[in-house]
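J.: Provided herewith is a single structure, encoded as structure tokens, for subsequent inquiry.
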Amino acid sequence: MDTKRTTFQNRWLPYVLLAPQLAITLIFFIWPAGQAVKSSFEREDPFGFSTVFVGFTHYARLMQDPAYLDSFVRTAVFAVAVTVVSMVLGLLFAVAVDRLMRSARLYTTLLVWPYAVAPVVAGVLWFFLFNSTTGIIPYYLSFFGVRWDHTLNGTHAMILIIIAAAWKQISYNFLFFLAGLQSVPNTLMEAAAIDGSGPVKRFFDISLPLLSPTTFFLFIVNVNYTMFDTFSIIDATTEGGPAQSTNILVYKVYQDGYLGLNLGSSSAQSVLLMLIVIVLTVVQFRFVERRVQY
Amino acid sequence: MASIDVESVGKIYTGGVRAVTDIRLNIADGEFIVLVGPSGCGKSTLLRMIAGLETISEGEVKIGSRVVNNVEPADRDIAMVFQNYALYPHMTVYNNLAYGLKNRGTPKSEIDARVAEAARMLEITQYLDRKPRALSGGQRQRVAMGRAIVRKPAAFLFDEPLSNLDAKLRVSMRGEIKRLQRRLGTTSIYVTHDQLEAMTLADRLVVLNGGQIEQIGAPLEVYHAPASTFVASFIGSPAMNLVKGELHGDRLAIGPAVIGLKGFAPTSGAVTVGVRAEDLRVARADEEALPFRLEYTEELGSQRLIHGAVGDQQVTAAVSPETELASEMRIAVDARRLHFFAADTGKRLPGNVPAEAKLAPAEPVV
Ligand SMILES: Nc1ncnc2c1ncn2[C@@H]1O[C@H](COP(=O)(O)OP(=O)(O)OP(=O)(O)O)[C@@H](O)[C@H]1O
Ligand SMILES: [Mg+2]
């Protein structure tokens with residue numbers, strides 16, 4: 001690291017300048033996180049008068065709770081599906097736009113729009129499109145003999161939130177893939193063309209391997225996104241239902257803690273989630289830097 | 001092995017930029033052609049049209065006897081060496097060399113043999129398992145050459161392959177490219193803007209300017225009989241002196257100075273006169289000469305360049321390092337060593353002393 005060193009006249013000035021950001025981080029992140037860790041080791045009596053230290057009881061219970069383990073599996077399915085769908089589509093769009101010369105900017109702008117849409121709005125949007133009585137998609141699906149109803153059918157509900165969550169993320173993946181594709185030197189493609197490799201083979205032999213750092217980075221970011229940032233999409237569409245079928249880990253934290261008022265268990269769940277993020281982030285920094293390069 | 005014929009080829013890029021105009025060039029089998037010219041003159045464009053990396057807007061390119069205008073680069077049987085080498089960064093040196101052969105379905109044993117042979121020729125055998133990023137610039141350059149060689153193509157196309165190397169390496173790689181080309185006998189087209197590289201490598205030089213051919217010829221032919229003032233100033237270092245003069249019968253007036261031409265005047269009236277720095281010398285007391293006002297000198301070791309003015313025109317002469325210098329000097333030239341160009345078009349005038357005569361040793365002036 002050789003970042004530029006700035007010298008301040010007043011030795012307190014840097015701290016003053018940092019203070020607002022530090023305060024926000026402290027009040028809205030560090031402190032609640034600390035509270036969560038603390039309460040995950042405690043049990044509160046029903047009236048909230050007293051708390052007792054219970055050690056790892058909440059964690060042990062969670063590990064044996066079939067509902068929690070189910071939610072874990074569902075989250076994995078959801079995260080992998082959203083990641084794969086949004087990355088594959090993002091890459092496809094990037095490849096398509098990369099081939100354009102003149103209209104590339106226009107398409108890039110259009111393709112980035114979904115990312116600017118708030119998650120709730122994205123959720124509501126797809127909710128309406130898929131609405132079983134008024135939505136346009138179920139209407140067309142009916143011609144194929146599919147009776148779409150995500151309020152009753154768990155699989156349908158899962159597909160709905162996967163589409164809504166992936167749709168937003170395509171833009172993000174598209175941008176990174178496009179930047180990655182455009183940084184592949186043109187002469188490499190030309191050399192490969194002279195070496196007798198057609199456009200499709202060039203993509204798989206040259207572009208894709210050179211995109212591997214981008215791909216790995218996006219994989220981690222997308223998994224992180226689907227596990228934590230999709231709360232509002234679910235809240236706006238399925239609310240975890242029907243019959244828990246879309247109740248992924250983040251949503252369950254909220255349900256158990258906020259609606260079910262089981263603060264201890266909910267805190268333990270959020271601490272586990274936090275650990276997952278930490279692990280993913282560490283993997284990203286350690287692994288991406290070292291392995292995925294050519 | 002193949003001849004290459006470029007017939008009235010022109011290039012207009014999308015957007016209407018004209019890069020190349022009416023190029024006619026017939027390259028014999030096994031010949032080493034160098035395209036040389038200043039930046040932006042269309043060298044790369046022409047080469048890339050031959051390679052198939054740019055569409056040909058006008059005219060035809062033939063490789064062997066086949067018109068290749070609509071043939072894919074892969075099917076033109078050519079190999080190209082790029083300025084930035086364009087090695088596949090995620091593949092080992094071995095795979096870089098083998099990639100083109102694999103794509104063409106060459107049997108594994110044959111690939112192994114050819115890669116081994118190319119690697120031995122280029123002395124990169126010990127690097128076959130490395131990735132390109134673990135190689136020095138010179139080694140990468142060799143790998144890029146190797147990738148061209150293993151394919152055994154009909155022609156090599158080089159686009160400034162040495163310009164990313166330091167001066168010393170450039171000279172040795174230059175020799176190596178020439179040696180390999182001679183040994184393999186493969187028709188080659190080499191693009192450079194370095195006139196020295198062009199002179200040393202070429203069987204024939206093609207001097208381009210503004211998308212058009214200024215001159216085609218063997219290096220010495222181009223050096224001794226440049227077809228225009230452009231070629232005269234581009235080929236050779238230091239650049240040929242070009243001064244405005246006036247011919248009156250057998251007398252040449254340069255500013256206030258007048259010298260006799262001993263019957264070598266090709267025309268009369270206003271001309272541009274060219275003379276190479278090494279053809280100028282300090283005049284003896286008893287001969288006709290040009291007054292020269294010395295401004296500064298450059299030492300080259302074996303030679304000394306003296307820069308100054310004749311009248312109000314800049315002139316550079318190359319003299320031996322022992323030459324006595326003074327601020328006012330007289331310099332002389334053998335009339336047969338002068339080049340005459342039309343004052344308006346800059347084209348070489350008919351009636352100039354031919355190149356062969358310039359190759360002969362200078363006779364003592366009487
Ligand atoms: N893709 C393109 N679109 C439009 N114009 C182009 C394109 N590529 C090159 N040109 C123009 O064509 C002319 C010739 O370019 P070219 O690359 O052939 O020059 P060059 O002789 O190889 O120069 P250099 O020595 O700098 O590589 C230039 O004026 C350039 O601006
Ligand atoms: Mg060029």
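In the structure tokens, each chain is lettered A, B, ... as it comes, each chain's residues begin at 1, and ligands are numbered from 1 in order of appearance.
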If you count only C-alpha atoms, which residues fall within 7 Å of Trp148 in chain A, apart from same-chain ones fewer than 2 positions away, as a PDB file with all heavy atoms, in the first residue's frame?
T.:
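Result written to around34.pdb:
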```pdb
ATOM      1  N   SER A 132     -51.899 -13.585  -9.475  1.00  0.00           N
ATOM      2  CA  SER A 132     -52.595 -14.703 -10.110  1.00  0.00           C
ATOM      3  C   SER A 132     -53.924 -14.311 -10.743  1.00  0.00           C
ATOM      4  O   SER A 132     -54.400 -14.983 -11.645  1.00  0.00           O
ATOM      5  CB  SER A 132     -52.793 -15.843  -9.110  1.00  0.00           C
ATOM      6  OG  SER A 132     -53.433 -15.339  -7.969  1.00  0.00           O
ATOM      7  N   PRO A 138     -49.103 -14.762 -15.350  1.00  0.00           N
ATOM      8  CA  PRO A 138     -49.961 -15.936 -15.167  1.00  0.00           C
ATOM      9  C   PRO A 138     -50.931 -16.127 -16.330  1.00  0.00           C
ATOM     10  O   PRO A 138     -51.239 -17.252 -16.716  1.00  0.00           O
ATOM     11  CB  PRO A 138     -50.719 -15.621 -13.872  1.00  0.00           C
ATOM     12  CG  PRO A 138     -49.811 -14.716 -13.143  1.00  0.00           C
ATOM     13  CD  PRO A 138     -49.133 -13.885 -14.170  1.00  0.00           C
ATOM     14  N   VAL A 146     -50.042 -23.900 -17.029  1.00  0.00           N
ATOM     15  CA  VAL A 146     -49.514 -23.638 -15.689  1.00  0.00           C
ATOM     16  C   VAL A 146     -50.520 -22.769 -14.945  1.00  0.00           C
ATOM     17  O   VAL A 146     -50.916 -21.715 -15.434  1.00  0.00           O
ATOM     18  CB  VAL A 146     -48.150 -22.912 -15.757  1.00  0.00           C
ATOM     19  CG1 VAL A 146     -47.629 -22.659 -14.352  1.00  0.00           C
ATOM     20  CG2 VAL A 146     -47.160 -23.714 -16.579  1.00  0.00           C
ATOM     21  N   HIS A 150     -48.665 -17.935  -6.528  1.00  0.00           N
ATOM     22  CA  HIS A 150     -47.579 -17.949  -5.551  1.00  0.00           C
ATOM     23  C   HIS A 150     -48.073 -17.740  -4.121  1.00  0.00           C
ATOM     24  O   HIS A 150     -47.298 -17.800  -3.189  1.00  0.00           O
ATOM     25  CB  HIS A 150     -46.501 -16.919  -5.920  1.00  0.00           C
ATOM     26  CG  HIS A 150     -47.021 -15.524  -6.036  1.00  0.00           C
ATOM     27  ND1 HIS A 150     -47.122 -14.883  -7.239  1.00  0.00           N
ATOM     28  CD2 HIS A 150     -47.482 -14.662  -5.109  1.00  0.00           C
ATOM     29  CE1 HIS A 150     -47.606 -13.664  -7.051  1.00  0.00           C
ATOM     30  NE2 HIS A 150     -47.840 -13.522  -5.771  1.00  0.00           N
ATOM     31  N   HIS A 156     -43.849 -21.833  -6.622  1.00  0.00           N
ATOM     32  CA  HIS A 156     -44.118 -20.600  -7.367  1.00  0.00           C
ATOM     33  C   HIS A 156     -43.607 -19.382  -6.603  1.00  0.00           C
ATOM     34  O   HIS A 156     -43.014 -18.475  -7.181  1.00  0.00           O
ATOM     35  CB  HIS A 156     -45.631 -20.452  -7.639  1.00  0.00           C
ATOM     36  CG  HIS A 156     -46.136 -21.431  -8.649  1.00  0.00           C
ATOM     37  ND1 HIS A 156     -47.466 -21.515  -9.025  1.00  0.00           N
ATOM     38  CD2 HIS A 156     -45.497 -22.387  -9.355  1.00  0.00           C
ATOM     39  CE1 HIS A 156     -47.618 -22.469  -9.924  1.00  0.00           C
ATOM     40  NE2 HIS A 156     -46.433 -23.022 -10.135  1.00  0.00           N
TER      41      HIS A 156
END
```
J.: List all protein, DNA and RNA residues that have at least one atom no more than 6 Å from any atom of ligand 1, counting only C-alpha atoms and all ligand atoms, and write them as a list in words.
T.: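 Residues satisfying the distance criterion: Tyr13, Val17, Ala19, Pro38, Ser39, Gly40, Cys41, Gly42, Lys43, Ser44, Thr45 and His193 of chain B.
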J.: Go ahead and save the picked residues with all heavy atoms, as a short mmCIF file (atom, residue, chain, number, x, y, z; two decimals), in the first residue's frame.
T.:
```cif
data_model
loop_
_atom_site.label_atom_id
_atom_site.label_comp_id
_atom_site.auth_asym_id
_atom_site.auth_seq_id
_atom_site.Cartn_x
_atom_site.Cartn_y
_atom_site.Cartn_z
N TYR B 13 -12.38 3.69 -43.43
CA TYR B 13 -12.96 3.22 -42.17
C TYR B 13 -14.40 3.70 -42.06
O TYR B 13 -14.77 4.71 -42.67
CB TYR B 13 -12.15 3.73 -40.98
CG TYR B 13 -10.92 2.92 -40.70
CD1 TYR B 13 -9.65 3.42 -40.95
CD2 TYR B 13 -11.02 1.63 -40.17
CE1 TYR B 13 -8.52 2.68 -40.69
CE2 TYR B 13 -9.90 0.88 -39.92
CZ TYR B 13 -8.64 1.40 -40.17
OH TYR B 13 -7.53 0.65 -39.91
N VAL B 17 -13.29 7.87 -42.80
CA VAL B 17 -11.86 8.20 -42.77
C VAL B 17 -11.14 7.34 -43.81
O VAL B 17 -11.23 6.11 -43.78
CB VAL B 17 -11.25 7.90 -41.38
CG1 VAL B 17 -9.78 8.31 -41.35
CG2 VAL B 17 -12.03 8.61 -40.30
N ALA B 19 -7.86 5.77 -44.97
CA ALA B 19 -6.56 5.50 -44.35
C ALA B 19 -5.52 5.10 -45.38
O ALA B 19 -4.33 5.36 -45.21
CB ALA B 19 -6.71 4.40 -43.30
N PRO B 38 5.85 7.29 -41.44
CA PRO B 38 5.60 7.96 -40.16
C PRO B 38 4.31 7.46 -39.51
O PRO B 38 3.52 6.77 -40.16
CB PRO B 38 5.49 9.43 -40.54
CG PRO B 38 5.05 9.41 -41.96
CD PRO B 38 5.65 8.20 -42.58
N SER B 39 4.10 7.80 -38.27
CA SER B 39 2.91 7.37 -37.55
C SER B 39 1.64 7.84 -38.28
O SER B 39 1.60 8.97 -38.76
CB SER B 39 2.95 7.97 -36.13
OG SER B 39 1.87 7.47 -35.41
N GLY B 40 0.69 6.96 -38.38
CA GLY B 40 -0.59 7.33 -38.99
C GLY B 40 -0.61 7.25 -40.51
O GLY B 40 -1.59 7.64 -41.13
N CYS B 41 0.44 6.70 -41.13
CA CYS B 41 0.48 6.68 -42.59
C CYS B 41 -0.27 5.49 -43.18
O CYS B 41 -0.39 5.35 -44.38
CB CYS B 41 1.91 6.68 -43.09
SG CYS B 41 2.75 5.13 -42.79
N GLY B 42 -0.77 4.60 -42.32
CA GLY B 42 -1.58 3.50 -42.83
C GLY B 42 -0.86 2.16 -42.91
O GLY B 42 -1.39 1.22 -43.49
N LYS B 43 0.30 2.04 -42.29
CA LYS B 43 1.05 0.78 -42.33
C LYS B 43 0.27 -0.36 -41.71
O LYS B 43 0.07 -1.41 -42.31
CB LYS B 43 2.38 0.90 -41.55
CG LYS B 43 3.23 2.08 -41.90
CD LYS B 43 4.50 2.13 -41.05
CE LYS B 43 4.26 2.45 -39.58
NZ LYS B 43 3.87 3.82 -39.32
N SER B 44 -0.20 -0.12 -40.46
CA SER B 44 -0.94 -1.17 -39.76
C SER B 44 -2.22 -1.50 -40.50
O SER B 44 -2.60 -2.67 -40.61
CB SER B 44 -1.29 -0.72 -38.35
OG SER B 44 -0.12 -0.47 -37.63
N THR B 45 -2.88 -0.47 -41.01
CA THR B 45 -4.13 -0.70 -41.73
C THR B 45 -3.90 -1.66 -42.90
O THR B 45 -4.64 -2.62 -43.09
CB THR B 45 -4.68 0.65 -42.24
OG1 THR B 45 -4.85 1.50 -41.11
CG2 THR B 45 -6.00 0.47 -42.95
N HIS B 193 8.17 1.97 -37.96
CA HIS B 193 8.37 3.37 -38.32
C HIS B 193 9.84 3.75 -38.12
O HIS B 193 10.22 4.89 -38.26
CB HIS B 193 7.44 4.29 -37.52
CG HIS B 193 7.62 4.16 -36.04
ND1 HIS B 193 6.67 3.62 -35.23
CD2 HIS B 193 8.65 4.49 -35.25
CE1 HIS B 193 7.11 3.61 -34.00
NE2 HIS B 193 8.30 4.13 -33.98
#
```
J.: Do you have the CA of Glu287 in chain B-CA of Val258 in chain B distance handy?
T.: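 CA of Val258 in chain B lies at a distance of 11.9 Å from CA of Glu287 in chain B.
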J.: What parts of range 108-162 of chain A does DSSP call helix (DSSP H, G or I)? I'd like the answer as a ChimeraX atom specification.
T.: /A:108-116,119-129,136-143,154-162
J.: Given the selection you just returned, output its residues as a file containing N, CA, C and O atoms, formatted as a tab-separated table (two decimals), in the first residue's frame.
T.:
```tsv
chain	number	residue	atom	x	y	z
A	108	THR	N	-26.26	0.20	-22.30
A	108	THR	CA	-25.69	0.16	-20.95
A	108	THR	C	-26.57	0.95	-19.99
A	108	THR	O	-26.93	0.47	-18.92
A	109	THR	N	-26.96	2.15	-20.41
A	109	THR	CA	-27.81	2.98	-19.56
A	109	THR	C	-29.12	2.27	-19.24
A	109	THR	O	-29.54	2.20	-18.08
A	110	LEU	N	-29.74	1.72	-20.27
A	110	LEU	CA	-31.02	1.05	-20.06
A	110	LEU	C	-30.86	-0.15	-19.12
A	110	LEU	O	-31.68	-0.38	-18.24
A	111	LEU	N	-29.78	-0.90	-19.33
A	111	LEU	CA	-29.60	-2.12	-18.55
A	111	LEU	C	-29.26	-1.83	-17.09
A	111	LEU	O	-29.39	-2.69	-16.23
A	112	VAL	N	-28.81	-0.61	-16.82
A	112	VAL	CA	-28.42	-0.29	-15.46
A	112	VAL	C	-29.61	0.19	-14.63
A	112	VAL	O	-29.60	0.14	-13.41
A	113	TRP	N	-30.67	0.61	-15.32
A	113	TRP	CA	-31.82	1.13	-14.61
A	113	TRP	C	-32.36	0.26	-13.47
A	113	TRP	O	-32.62	0.76	-12.39
A	114	PRO	N	-32.55	-1.04	-13.69
A	114	PRO	CA	-33.15	-1.85	-12.62
A	114	PRO	C	-32.39	-1.72	-11.30
A	114	PRO	O	-32.97	-1.82	-10.22
A	115	TYR	N	-31.07	-1.45	-11.40
A	115	TYR	CA	-30.30	-1.37	-10.17
A	115	TYR	C	-30.69	-0.16	-9.34
A	115	TYR	O	-30.53	-0.15	-8.13
A	116	ALA	N	-31.20	0.87	-10.03
A	116	ALA	CA	-31.57	2.10	-9.33
A	116	ALA	C	-32.94	1.96	-8.65
A	116	ALA	O	-33.32	2.78	-7.83
A	119	PRO	N	-35.48	-1.99	-3.75
A	119	PRO	CA	-35.86	-3.40	-3.65
A	119	PRO	C	-37.37	-3.59	-3.45
A	119	PRO	O	-37.97	-4.46	-4.08
A	120	VAL	N	-37.97	-2.76	-2.61
A	120	VAL	CA	-39.41	-2.91	-2.37
A	120	VAL	C	-40.18	-2.74	-3.66
A	120	VAL	O	-41.08	-3.51	-3.99
A	121	VAL	N	-39.79	-1.72	-4.41
A	121	VAL	CA	-40.48	-1.45	-5.68
A	121	VAL	C	-40.30	-2.63	-6.63
A	121	VAL	O	-41.24	-3.06	-7.28
A	122	ALA	N	-39.05	-3.16	-6.68
A	122	ALA	CA	-38.81	-4.32	-7.53
A	122	ALA	C	-39.72	-5.47	-7.11
A	122	ALA	O	-40.34	-6.13	-7.95
A	123	GLY	N	-39.82	-5.68	-5.81
A	123	GLY	CA	-40.67	-6.75	-5.30
A	123	GLY	C	-42.11	-6.54	-5.72
A	123	GLY	O	-42.75	-7.44	-6.30
A	124	VAL	N	-42.63	-5.33	-5.49
A	124	VAL	CA	-44.02	-5.03	-5.81
A	124	VAL	C	-44.28	-5.18	-7.30
A	124	VAL	O	-45.29	-5.73	-7.73
A	125	LEU	N	-43.30	-4.70	-8.09
A	125	LEU	CA	-43.42	-4.78	-9.54
A	125	LEU	C	-43.65	-6.20	-10.01
A	125	LEU	O	-44.59	-6.50	-10.75
A	126	TRP	N	-42.79	-7.12	-9.54
A	126	TRP	CA	-42.91	-8.52	-9.95
A	126	TRP	C	-44.14	-9.16	-9.32
A	126	TRP	O	-44.76	-10.04	-9.93
A	127	PHE	N	-44.48	-8.69	-8.13
A	127	PHE	CA	-45.68	-9.18	-7.46
A	127	PHE	C	-46.90	-8.93	-8.34
A	127	PHE	O	-47.73	-9.81	-8.56
A	128	PHE	N	-46.99	-7.72	-8.91
A	128	PHE	CA	-48.12	-7.39	-9.78
A	128	PHE	C	-48.06	-8.16	-11.08
A	128	PHE	O	-49.06	-8.68	-11.56
A	129	LEU	N	-46.87	-8.24	-11.66
A	129	LEU	CA	-46.73	-8.95	-12.93
A	129	LEU	C	-47.16	-10.41	-12.78
A	129	LEU	O	-47.71	-11.00	-13.70
A	136	ILE	N	-50.06	-10.23	-15.80
A	136	ILE	CA	-49.99	-10.60	-17.22
A	136	ILE	C	-49.26	-11.92	-17.42
A	136	ILE	O	-49.58	-12.70	-18.32
A	137	ILE	N	-48.30	-12.22	-16.52
A	137	ILE	CA	-47.51	-13.44	-16.72
A	137	ILE	C	-48.34	-14.70	-16.47
A	137	ILE	O	-48.33	-15.62	-17.29
A	138	PRO	N	-49.10	-14.76	-15.35
A	138	PRO	CA	-49.96	-15.94	-15.17
A	138	PRO	C	-50.93	-16.13	-16.33
A	138	PRO	O	-51.24	-17.25	-16.72
A	139	TYR	N	-51.39	-15.02	-16.92
A	139	TYR	CA	-52.30	-15.10	-18.06
A	139	TYR	C	-51.66	-15.88	-19.19
A	139	TYR	O	-52.23	-16.79	-19.76
A	140	TYR	N	-50.39	-15.52	-19.52
A	140	TYR	CA	-49.70	-16.23	-20.59
A	140	TYR	C	-49.33	-17.64	-20.18
A	140	TYR	O	-49.37	-18.57	-20.98
A	141	LEU	N	-48.96	-17.81	-18.90
A	141	LEU	CA	-48.59	-19.15	-18.44
A	141	LEU	C	-49.77	-20.10	-18.56
A	141	LEU	O	-49.59	-21.30	-18.80
A	142	SER	N	-50.99	-19.56	-18.42
A	142	SER	CA	-52.17	-20.42	-18.47
A	142	SER	C	-52.28	-21.13	-19.81
A	142	SER	O	-52.82	-22.22	-19.91
A	143	PHE	N	-51.74	-20.51	-20.86
A	143	PHE	CA	-51.76	-21.17	-22.18
A	143	PHE	C	-50.89	-22.41	-22.19
A	143	PHE	O	-51.06	-23.29	-23.02
A	154	GLY	N	-45.73	-23.07	-2.91
A	154	GLY	CA	-44.42	-22.67	-2.38
A	154	GLY	C	-43.37	-22.54	-3.47
A	154	GLY	O	-42.55	-21.62	-3.45
A	155	THR	N	-43.39	-23.47	-4.43
A	155	THR	CA	-42.41	-23.42	-5.51
A	155	THR	C	-42.60	-22.14	-6.32
A	155	THR	O	-41.63	-21.45	-6.66
A	156	HIS	N	-43.85	-21.83	-6.62
A	156	HIS	CA	-44.12	-20.60	-7.37
A	156	HIS	C	-43.61	-19.38	-6.60
A	156	HIS	O	-43.01	-18.47	-7.18
A	157	ALA	N	-43.86	-19.38	-5.30
A	157	ALA	CA	-43.42	-18.26	-4.47
A	157	ALA	C	-41.91	-18.11	-4.53
A	157	ALA	O	-41.37	-17.01	-4.66
A	158	MET	N	-41.20	-19.24	-4.45
A	158	MET	CA	-39.74	-19.22	-4.50
A	158	MET	C	-39.27	-18.68	-5.85
A	158	MET	O	-38.38	-17.83	-5.93
A	159	ILE	N	-39.90	-19.16	-6.94
A	159	ILE	CA	-39.52	-18.69	-8.28
A	159	ILE	C	-39.73	-17.17	-8.37
A	159	ILE	O	-38.89	-16.44	-8.90
A	160	LEU	N	-40.84	-16.71	-7.80
A	160	LEU	CA	-41.13	-15.28	-7.84
A	160	LEU	C	-40.03	-14.46	-7.17
A	160	LEU	O	-39.52	-13.49	-7.76
A	161	ILE	N	-39.65	-14.86	-5.96
A	161	ILE	CA	-38.62	-14.03	-5.29
A	161	ILE	C	-37.26	-14.19	-5.96
A	161	ILE	O	-36.46	-13.26	-5.98
A	162	ILE	N	-37.00	-15.35	-6.55
A	162	ILE	CA	-35.74	-15.51	-7.28
A	162	ILE	C	-35.71	-14.54	-8.46
A	162	ILE	O	-34.72	-13.83	-8.68
```
J.: Contacts from chain B to chain A, 12 Å maximum, only C-alpha atoms: show me the residue list as a VMD selection string.
T.: chain B and resid 14 to 15 48 50 to 54 71 to 92 95 to 106 130 to 134 144 147 to 153 156 to 157 159
J.: Select, from B:Asp112, B:Glu160, B:Glu328, B:Asp344, the residue with the minimum atom-to-atom distance to ligand 2, counting only C-alpha atoms and all ligand atoms.
T.: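 Under the stated criterion, the closest residue is B:Glu160.
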J.: Would you list the contacts of range 321-327 of chain B as number ranges by chain, taking every protein, DNA or RNA residue within 6 Å and counting only C-alpha atoms, but skipping same-chain residues closer than 5 positions in sequence?
T.: B: 293-294, 303-304
J.: Residues within 10 Å of Ser266 in chain A, please, as an NGL selection string. Count only C-alpha atoms; anything in the same chain fewer than 6 positions from it doesn't count.
T.: :A and (36 or 39-40 or 58 or 62 or 250 or 252-258 or 260 or 272)
J.: Neighbours of range 68-74 of chain A within 7 Å (only C-alpha atoms; same-chain residues fewer than 5 positions away dropped), as a list in words?
T.: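 Listed by chain and then number, they are Leu62, Asn247, Ile248 and Leu249 of chain A.
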J.: So which residues touch Asp235 in chain A within 9 Å, counting only C-alpha atoms, skipping near sequence neighbours fewer than 3 positions away, as a list in words?
T.: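 Those residues are Val120, Gly123, Thr230, Phe231, Ser232, Thr238, Glu239, Gly240 and Tyr251 of chain A.
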J.: Any chance you can output those residues with all heavy atoms as a compact mmCIF listing (two decimals), in the first residue's frame?
T.:
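The resulting file, part31.txt, is reproduced below:
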```txt
# COMPACT_ATOMS: atom_id res chain seq x y z
N VAL A 120 -37.97 -2.76 -2.61
CA VAL A 120 -39.41 -2.91 -2.37
C VAL A 120 -40.18 -2.74 -3.66
O VAL A 120 -41.08 -3.51 -3.99
CB VAL A 120 -39.91 -1.83 -1.38
CG1 VAL A 120 -41.35 -2.11 -0.99
CG2 VAL A 120 -39.01 -1.77 -0.17
N GLY A 123 -39.82 -5.68 -5.81
CA GLY A 123 -40.67 -6.75 -5.30
C GLY A 123 -42.11 -6.54 -5.72
O GLY A 123 -42.75 -7.44 -6.30
N THR A 230 -32.08 -8.98 0.47
CA THR A 230 -33.34 -9.28 -0.20
C THR A 230 -34.52 -9.22 0.76
O THR A 230 -35.63 -9.56 0.38
CB THR A 230 -33.27 -10.68 -0.84
OG1 THR A 230 -32.69 -11.56 0.13
CG2 THR A 230 -32.44 -10.67 -2.09
N PHE A 231 -34.25 -8.76 1.96
CA PHE A 231 -35.31 -8.69 2.97
C PHE A 231 -36.55 -7.97 2.45
O PHE A 231 -37.66 -8.48 2.50
CB PHE A 231 -34.79 -8.00 4.22
CG PHE A 231 -35.86 -7.73 5.22
CD1 PHE A 231 -36.25 -8.71 6.12
CD2 PHE A 231 -36.53 -6.51 5.24
CE1 PHE A 231 -37.27 -8.47 7.03
CE2 PHE A 231 -37.55 -6.27 6.13
CZ PHE A 231 -37.92 -7.25 7.04
N SER A 232 -36.34 -6.77 1.88
CA SER A 232 -37.50 -5.96 1.49
C SER A 232 -38.26 -6.58 0.32
O SER A 232 -39.47 -6.41 0.20
CB SER A 232 -37.10 -4.53 1.19
OG SER A 232 -35.82 -4.48 0.67
N THR A 238 -43.89 -12.08 -0.60
CA THR A 238 -44.43 -13.31 -0.04
C THR A 238 -44.48 -13.32 1.49
O THR A 238 -45.13 -14.18 2.07
CB THR A 238 -43.56 -14.51 -0.46
OG1 THR A 238 -42.25 -14.31 0.09
CG2 THR A 238 -43.46 -14.61 -1.97
N GLU A 239 -43.77 -12.43 2.12
CA GLU A 239 -43.66 -12.41 3.59
C GLU A 239 -43.28 -13.77 4.15
O GLU A 239 -43.79 -14.20 5.19
CB GLU A 239 -44.96 -11.91 4.21
CG GLU A 239 -45.24 -10.46 3.86
CD GLU A 239 -46.51 -9.94 4.52
OE1 GLU A 239 -47.40 -10.77 4.82
OE2 GLU A 239 -46.59 -8.72 4.73
N GLY A 240 -42.41 -14.44 3.41
CA GLY A 240 -41.90 -15.72 3.91
C GLY A 240 -42.78 -16.91 3.59
O GLY A 240 -42.36 -18.05 3.71
N TYR A 251 -35.09 -13.17 6.72
CA TYR A 251 -36.49 -12.90 7.01
C TYR A 251 -36.91 -13.57 8.30
O TYR A 251 -37.70 -13.06 9.07
CB TYR A 251 -37.37 -13.35 5.84
CG TYR A 251 -38.70 -12.62 5.86
CD1 TYR A 251 -38.77 -11.28 5.50
CD2 TYR A 251 -39.86 -13.27 6.28
CE1 TYR A 251 -39.96 -10.59 5.57
CE2 TYR A 251 -41.06 -12.58 6.35
CZ TYR A 251 -41.11 -11.24 5.99
OH TYR A 251 -42.28 -10.55 6.06
```
J.: Considering only C-alpha atoms, state which residue in the set B:Ser237, B:Ser228, B:Gln139, B:Thr186 is at the smallest distance from Met199 in chain B.
T.: B:Ser237
J.: Which residues, written as a list of chain:residue names, have at least one atom at most 12 Å from range 41-46 of chain A, with only C-alpha atoms counted and residues fewer than 4 positions away on the same chain left out?
T.: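 Non-adjacent residues within range: A:Gly34, A:Gln35, A:Ala36, A:Val37, A:Ser50, A:Thr51, A:Val52, A:Phe53, A:Val54, A:Gly55, A:Phe56, A:Thr57, A:His58, A:Tyr59, A:Ala60, A:Gly260, A:Leu261, A:Asn262, A:Leu263, A:Gly264, A:Ser265, A:Ser266, A:Ser267, A:Ala268, A:Gln269, A:Val271.
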J.: Could you pull out the residues in range 12-241 of chain B that DSSP calls strand (DSSP E or B) from the backbone, as a ChimeraX atom specification?
T.: /B:12,18-27,32-36,58-63,66-67,78-81,155-159,187-192,204-209,212-217,228,241
J.: Considering only C-alpha atoms and all ligand atoms, can you say which of B:Val191, B:Ala113, B:Ile27, B:Ile63 comes closest to ligand 2?
T.: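 With only C-alpha atoms and all ligand atoms as the atom set, the closest residue is B:Val191.
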